[in-house]
file entry.cif (mmCIF, C-alpha atoms)
data_work
loop_
_atom_site.label_atom_id
_atom_site.label_comp_id
_atom_site.auth_asym_id
_atom_site.auth_seq_id
_atom_site.Cartn_x
_atom_site.Cartn_y
_atom_site.Cartn_z
CA MET N 25 0.00 0.00 0.00
CA ALA N 26 1.22 3.43 -0.78
CA ARG N 27 1.64 5.66 2.20
CA GLN N 28 0.32 9.19 1.90
CA ALA N 29 3.01 11.81 2.60
CA GLY N 30 1.91 14.95 4.35
CA TRP N 31 2.40 17.21 7.28
CA SER N 32 0.34 16.90 10.38
CA TRP N 33 -1.51 19.93 11.62
CA ARG N 34 0.93 20.15 14.52
CA ALA N 35 3.92 20.32 12.20
CA VAL N 36 2.20 23.02 10.14
CA MET N 37 1.46 25.07 13.29
CA VAL N 38 5.05 24.73 14.55
CA ALA N 39 6.39 25.85 11.16
CA ALA N 40 3.99 28.83 11.05
CA ILE N 41 4.91 29.91 14.59
CA ALA N 42 8.62 29.58 13.84
CA ALA N 43 8.27 31.64 10.64
CA SER N 44 6.34 34.32 12.53
CA ALA N 45 8.96 34.46 15.27
CA VAL N 46 11.80 34.83 12.76
CA THR N 47 9.92 37.60 10.92
CA TRP N 48 9.21 39.46 14.17
CA LEU N 49 12.85 39.15 15.30
CA ALA N 50 14.11 40.45 11.94
CA ALA N 51 11.75 43.46 12.14
CA VAL N 52 12.93 44.30 15.68
CA VAL N 53 16.61 44.06 14.74
CA ILE N 54 16.18 46.16 11.59
CA ALA N 55 14.20 48.84 13.47
CA ASP N 56 16.83 49.02 16.21
CA VAL N 57 19.70 49.29 13.73
CA ARG N 58 17.95 52.11 11.81
CA ARG N 59 17.23 54.06 15.03
CA ALA N 60 19.58 56.95 15.74
CA PRO N 61 21.30 56.75 19.14
CA ASP N 62 19.43 58.59 21.90
CA ALA N 63 22.50 60.30 23.35
CA ASP N 64 23.82 61.56 20.02
CA CYS N 65 22.55 65.15 20.29
CA LEU N 66 25.29 67.45 19.02
CA GLY N 67 25.54 71.19 19.41
CA VAL N 68 25.60 73.18 16.19
CA GLY N 69 28.00 76.07 15.66
CA SER N 70 27.02 79.44 14.25
CA THR N 71 28.81 78.68 10.98
CA VAL N 72 26.15 76.04 10.24
CA THR N 73 23.14 78.04 11.45
CA ASP N 74 24.36 81.11 9.56
CA LEU N 75 24.75 78.98 6.45
CA ILE N 76 21.17 77.71 6.75
CA ALA N 77 19.83 81.23 7.35
CA SER N 78 21.84 82.66 4.44
CA ARG N 79 19.29 81.51 1.86
CA PRO N 80 15.84 82.57 3.09
CA LEU N 81 12.91 81.86 0.81
CA THR N 82 11.48 85.36 1.24
CA ASP N 83 12.01 87.17 4.53
CA PRO N 84 15.19 86.75 6.58
CA ILE N 85 15.27 84.28 9.44
CA GLU N 86 17.32 84.55 12.64
CA PRO N 87 18.71 81.32 14.16
CA ILE N 88 18.01 80.92 17.89
CA ASP N 89 19.11 77.37 18.74
CA ALA N 90 20.08 74.25 16.80
CA VAL N 91 21.09 70.65 17.42
CA ALA N 92 22.26 67.89 15.10
CA VAL N 93 21.99 64.12 15.02
CA HIS N 94 24.28 61.96 12.89
CA ASP N 95 22.40 59.90 10.31
CA PRO N 96 24.31 56.85 9.11
CA TRP N 97 21.76 56.16 6.35
CA ALA N 98 21.70 59.45 4.40
CA ARG N 99 23.93 59.59 1.32
CA SER N 100 24.83 62.12 -1.33
CA LYS N 101 24.29 61.27 -4.98
CA GLY N 102 26.79 63.95 -6.02
CA SER N 103 30.34 63.41 -7.19
CA VAL N 104 31.80 64.61 -3.87
CA PRO N 105 31.06 62.14 -1.07
CA PHE N 106 31.03 63.35 2.54
CA ASP N 107 32.07 61.39 5.59
CA ASN N 108 29.04 62.22 7.72
CA TYR N 109 25.45 63.32 7.28
CA TYR N 110 23.44 65.13 9.93
CA ALA N 111 19.82 66.07 10.58
CA ILE N 112 19.89 69.61 11.96
CA ALA N 113 16.84 70.83 13.87
CA MET N 114 16.86 74.60 14.23
CA GLU N 115 14.65 77.01 16.11
CA PHE N 116 14.50 80.39 14.39
CA ARG N 117 12.72 83.73 14.48
CA ARG N 118 10.85 84.93 11.42
CA SER N 119 10.79 88.59 10.43
CA ASP N 120 7.30 88.96 11.97
CA GLY N 121 8.71 87.86 15.35
CA SER N 122 7.14 84.39 15.36
CA ILE N 123 9.25 81.42 16.40
CA SER N 124 9.46 78.34 14.14
CA HIS N 125 11.35 75.06 13.94
CA GLY N 126 12.72 73.34 10.86
CA VAL N 127 14.99 70.44 9.94
CA TRP N 128 17.77 70.49 7.36
CA GLY N 129 20.13 67.76 6.21
CA LEU N 130 23.85 68.48 5.93
CA GLY N 131 26.72 66.48 4.48
CA ALA N 132 29.90 67.29 6.38
CA GLY N 133 33.52 66.26 6.67
CA PRO N 134 34.95 64.53 9.73
CA ALA N 135 32.70 64.27 12.77
CA PRO N 136 33.32 66.85 15.48
CA ALA N 137 35.43 65.77 18.43
CA GLU N 138 33.51 64.63 21.51
CA GLY N 139 31.95 67.62 23.25
CA GLN N 140 32.50 69.91 20.25
CA ALA N 141 29.80 71.54 18.12
CA LEU N 142 29.17 70.70 14.47
CA THR N 143 30.75 73.45 12.37
CA ALA N 144 31.31 74.24 8.72
CA ASN N 145 34.53 75.84 7.49
CA ALA N 146 34.83 77.91 4.31
CA ASN N 147 35.87 74.92 2.20
CA SER N 148 33.08 72.65 3.36
CA VAL N 149 30.43 75.38 2.96
CA LEU N 150 31.18 75.68 -0.76
CA GLY N 151 30.69 72.00 -1.50
CA ALA N 152 28.54 70.75 1.38
CA PRO N 153 25.19 69.32 0.36
CA LEU N 154 22.44 71.02 2.35
CA VAL N 155 18.78 70.24 1.91
CA SER N 156 15.53 71.43 3.49
CA VAL N 157 14.02 68.30 4.98
CA ASP N 158 10.66 69.22 6.49
CA GLN N 159 7.83 71.52 5.41
CA SER N 160 8.88 74.37 7.72
CA ALA N 161 12.44 74.32 6.35
CA ARG N 162 11.15 74.28 2.76
CA GLN N 163 8.83 77.22 3.48
CA SER N 164 11.64 79.24 5.11
CA THR N 165 14.77 78.61 3.05
CA ILE N 166 15.82 77.62 -0.45
CA TRP N 167 18.09 74.66 0.23
CA PRO N 168 16.81 72.16 -2.28
CA ASP N 169 20.18 70.51 -2.96
CA ILE N 170 18.92 67.52 -4.91
CA GLN N 171 22.30 65.81 -4.72
CA MET N 172 21.38 64.42 -1.31
CA PHE N 173 18.50 62.19 -0.34
CA PHE N 174 17.41 62.93 3.22
CA PRO N 175 13.91 61.60 3.92
CA GLU N 176 11.61 63.55 6.22
CA ASP N 177 10.67 60.36 8.03
CA ALA N 178 14.29 59.41 8.83
CA ASN N 179 14.85 58.47 12.47
CA ALA N 180 17.59 61.08 12.79
CA VAL N 181 15.08 63.79 11.85
CA GLU N 182 12.77 62.71 14.67
CA GLU N 183 15.70 62.43 17.11
CA ALA N 184 16.97 65.91 16.16
CA GLY N 185 13.51 67.33 16.86
CA ARG N 186 13.52 65.67 20.28
CA CYS N 187 17.02 66.98 20.99
CA LEU N 188 15.95 70.52 20.08
CA THR N 189 12.87 70.28 22.30
CA THR N 190 15.04 69.03 25.17
CA SER N 191 17.69 71.75 24.71
CA SER N 192 15.07 74.52 24.44
CA SER N 193 13.32 73.49 27.66
#

call {"tool": "encode", "arguments": {"input": "entry.cif", "output": "structure tokens"}}
result
Amino acid sequence: MARQAGWSWRAVMVAAIAASAVTWLAAVVIADVRRAPDADCLGVGSTVTDLIASRPLTDPIEPIDAVAVHDPWARSKGSVPFDNYYAIAMEFRRSDGSISHGVWGLGAGPAPAEGQALTANANSVLGAPLVSVDQSARQSTIWPDIQMFFPEDANAVEEAGRCLTTSSS
């Protein structure tokens, strides 16, 4: 007699549970790897905030405070690669006196030394990719450098916003 080959319902359930567990574990690991470190809030020097404010869309803006978070996932599509990419959250005053917040992405050279602020020297300013990331930044400045992809939903953007809120409190 020929024996019918097949899986029992228990074997099917064990395989389904194992596949679900592996999928869940992979999602957790990927999410944790993509998350920017919590304690990676960097100060931002006036060279960077002045650079951002130097190209207002219409009326001038005045930087008040800014913080940066390193984003290991952002990359430039231009011919000049940069070592590091940062989400920069900046609080600024509009010409009508209102206070706003915006986020910009910056490609920069070597990371600042521990405890030092993120700065931009004359050479890096000329070739640094800078892009308006969120709606407020796009409505306030004209930094549409399309050589860099910096998504608005990047974890570093969210972390930079949290850092700015914490530093402003």

call {"tool": "residues_around", "arguments": {"input": "entry.cif", "residues": "Leu66 in chain N", "least_positions_apart": "5", "cutoff": "12 Å", "atoms": "only C-alpha atoms", "output": "PyMOL selection string"}}
result
chain N and resi 61+89-95+110-113+135-143+180+183-188+191

call {"tool": "residues_around", "arguments": {"input": "entry.cif", "residues": "Pro84 in chain N", "least_positions_apart": "6", "cutoff": "8 Å", "atoms": "only C-alpha atoms", "output": "tab-separated table (two decimals) with C-alpha atoms, in the frame of the given file"}}
result
chain	number	residue	atom	x	y	z
N	77	ALA	CA	19.83	81.23	7.35
N	118	ARG	CA	10.85	84.93	11.42
N	119	SER	CA	10.79	88.59	10.43

call {"tool": "residues_around", "arguments": {"input": "entry.cif", "residues": "Leu81 in chain N", "least_positions_apart": "2", "cutoff": "7 Å", "atoms": "only C-alpha atoms", "output": "ChimeraX atom specification"}}
result
/N:79,83,163-166

call {"tool": "closest_residue", "arguments": {"input": "entry.cif", "among": "N:Ile123, N:Ala50, N:Ala98, N:Ala40", "to": "Ser160 in chain N", "atoms": "all atoms listed in the file"}}
result
N:Ile123

call {"tool": "closest_residue", "arguments": {"input": "entry.cif", "among": "N:Phe174, N:Pro80, N:Ala144, N:Ala42", "to": "Val157 in chain N", "atoms": "all atoms listed in the file"}}
result
N:Phe174

call {"tool": "closest_residue", "arguments": {"input": "entry.cif", "among": "N:Val181, N:Trp97, N:Thr47, N:Thr82", "to": "Met114 in chain N", "atoms": "all atoms listed in the file"}}
result
N:Val181

call {"tool": "residues_around", "arguments": {"input": "entry.cif", "residues": "Val155 in chain N", "least_positions_apart": "5", "cutoff": "9 Å", "atoms": "only C-alpha atoms", "output": "ChimeraX atom specification"}}
result
/N:127-130,161-162,166-174

call {"tool": "atom_distance", "arguments": {"input": "entry.cif", "atom1": "CA of Ser156 in chain N", "atom2": "CA of His125 in chain N"}}
result
11.8 Å

call {"tool": "atom_distance", "arguments": {"input": "entry.cif", "atom1": "CA of Phe106 in chain N", "atom2": "CA of Ser124 in chain N"}}
result
28.7 Å

call {"tool": "atom_distance", "arguments": {"input": "entry.cif", "atom1": "CA of Leu49 in chain N", "atom2": "CA of Glu176 in chain N"}}
result
26.1 Å
